[in-house]
Amino acid sequence: MKVRINGRIFNIPKGVRFGELSHEIEKAGIEFGCTDGQCGVCIARVVKGLECLREPSEEEEETLWRTGAVDEEERLTCQLVIEDESCEEIVIESED
Ligand code: FES
């Protein structure tokens, strides 16, 4: 489904972890490190479509907490998985 990351449009299928597409997604200016939910560098804000993404795992929650993220819209991009395709689009923006 359509995912807009920092203004760039990607077509990402349901069930694929965004970390598997890090080489593509980093072209939109998202930085990746571990791609495994540990380092926290890929943090970004889901400004639209959060309800269509899988809930964060405990591990993601822990990394988010460690990096000081407080809003539920703040997520680790590498850990995102589309679960529900009923959203018109998913929009993600990184801080910089
Ligand atoms: S790249 Fe390390 S947490 Fe996402």
# chains A, B, ... in the order shown; residues from 1 in each chain; ligands from 1

call {"tool": "residues_near_ligand", "arguments": {"ligand": "ligand 1", "cutoff": "7 Å", "atoms": "only C-alpha atoms and all ligand atoms", "output": "number ranges by chain"}}
result
A: 19, 32-43, 76-79

call {"tool": "write_last_selection", "arguments": {"atoms": "N, CA and C atoms", "output": "mmCIF file, in the first residue's frame"}}
result
data_model
loop_
_atom_site.group_PDB
_atom_site.id
_atom_site.type_symbol
_atom_site.label_atom_id
_atom_site.label_comp_id
_atom_site.auth_asym_id
_atom_site.auth_seq_id
_atom_site.Cartn_x
_atom_site.Cartn_y
_atom_site.Cartn_z
ATOM 1 N N GLY A 19 12.172 -2.539 7.995
ATOM 2 C CA GLY A 19 13.620 -2.715 8.126
ATOM 3 C C GLY A 19 14.209 -3.539 6.988
ATOM 4 N N PHE A 32 19.201 4.425 9.111
ATOM 5 C CA PHE A 32 19.064 3.113 9.740
ATOM 6 C C PHE A 32 20.406 2.673 10.319
ATOM 7 N N GLY A 33 20.311 1.907 11.383
ATOM 8 C CA GLY A 33 21.527 1.331 11.972
ATOM 9 C C GLY A 33 21.357 -0.168 12.002
ATOM 10 N N CYS A 34 20.886 -0.654 13.144
ATOM 11 C CA CYS A 34 20.753 -2.098 13.351
ATOM 12 C C CYS A 34 19.659 -2.746 12.494
ATOM 13 N N THR A 35 18.671 -2.003 12.106
ATOM 14 C CA THR A 35 17.433 -2.476 11.443
ATOM 15 C C THR A 35 16.710 -3.553 12.258
ATOM 16 N N ASP A 36 16.999 -3.581 13.527
ATOM 17 C CA ASP A 36 16.492 -4.655 14.363
ATOM 18 C C ASP A 36 15.810 -4.164 15.650
ATOM 19 N N GLY A 37 15.490 -2.875 15.677
ATOM 20 C CA GLY A 37 14.751 -2.370 16.829
ATOM 21 C C GLY A 37 15.574 -2.084 18.069
ATOM 22 N N GLN A 38 16.898 -2.036 17.923
ATOM 23 C CA GLN A 38 17.755 -1.897 19.105
ATOM 24 C C GLN A 38 18.368 -0.499 19.269
ATOM 25 N N CYS A 39 18.827 0.091 18.142
ATOM 26 C CA CYS A 39 19.654 1.299 18.268
ATOM 27 C C CYS A 39 18.837 2.587 18.379
ATOM 28 N N GLY A 40 17.678 2.626 17.778
ATOM 29 C CA GLY A 40 16.828 3.807 17.897
ATOM 30 C C GLY A 40 17.093 4.918 16.895
ATOM 31 N N VAL A 41 18.042 4.766 15.978
ATOM 32 C CA VAL A 41 18.330 5.884 15.050
ATOM 33 C C VAL A 41 17.238 6.093 14.001
ATOM 34 N N CYS A 42 16.425 5.104 13.759
ATOM 35 C CA CYS A 42 15.418 5.201 12.688
ATOM 36 C C CYS A 42 14.102 5.793 13.175
ATOM 37 N N ILE A 43 14.115 6.396 14.342
ATOM 38 C CA ILE A 43 12.877 6.945 14.906
ATOM 39 C C ILE A 43 12.266 8.002 13.979
ATOM 40 N N LEU A 76 9.806 3.290 15.659
ATOM 41 C CA LEU A 76 11.052 2.903 14.995
ATOM 42 C C LEU A 76 10.665 2.471 13.580
ATOM 43 N N THR A 77 11.158 3.191 12.593
ATOM 44 C CA THR A 77 10.762 2.875 11.210
ATOM 45 C C THR A 77 11.078 1.423 10.859
ATOM 46 N N CYS A 78 12.213 0.924 11.320
ATOM 47 C CA CYS A 78 12.607 -0.448 10.933
ATOM 48 C C CYS A 78 11.636 -1.505 11.447
ATOM 49 N N GLN A 79 10.873 -1.159 12.459
ATOM 50 C CA GLN A 79 9.977 -2.144 13.067
ATOM 51 C C GLN A 79 8.539 -2.055 12.561
#

call {"tool": "closest_residue", "arguments": {"among": "A:Ala44, A:Ile12, A:Cys52, A:Val81", "to": "Ala69 (chain A)", "atoms": "only C-alpha atoms"}}
result
A:Ala44

call {"tool": "closest_residue", "arguments": {"among": "A:Val47, A:Ile9, A:Leu80, A:Leu64", "to": "Ser94 (chain A)", "atoms": "only C-alpha atoms"}}
result
A:Val47

call {"tool": "closest_residue", "arguments": {"among": "A:Gly49, A:Asp84, A:Arg75, A:Glu59", "to": "Val3 (chain A)", "atoms": "only C-alpha atoms"}}
result
A:Gly49

call {"tool": "closest_residue", "arguments": {"among": "A:Arg45, A:Arg17, A:Arg54, A:Lys2", "to": "Glu83 (chain A)", "atoms": "only C-alpha atoms"}}
result
A:Arg54

call {"tool": "residues_around", "arguments": {"residues": "Gly7 (chain A)", "least_positions_apart": "5", "cutoff": "10 Å", "atoms": "only C-alpha atoms", "output": "ChimeraX atom specification"}}
result
/A:28-29,91-93

call {"tool": "atom_distance", "arguments": {"atom1": "CA of Asn6 (chain A)", "atom2": "CA of Glu31 (chain A)"}}
result
12.0 Å
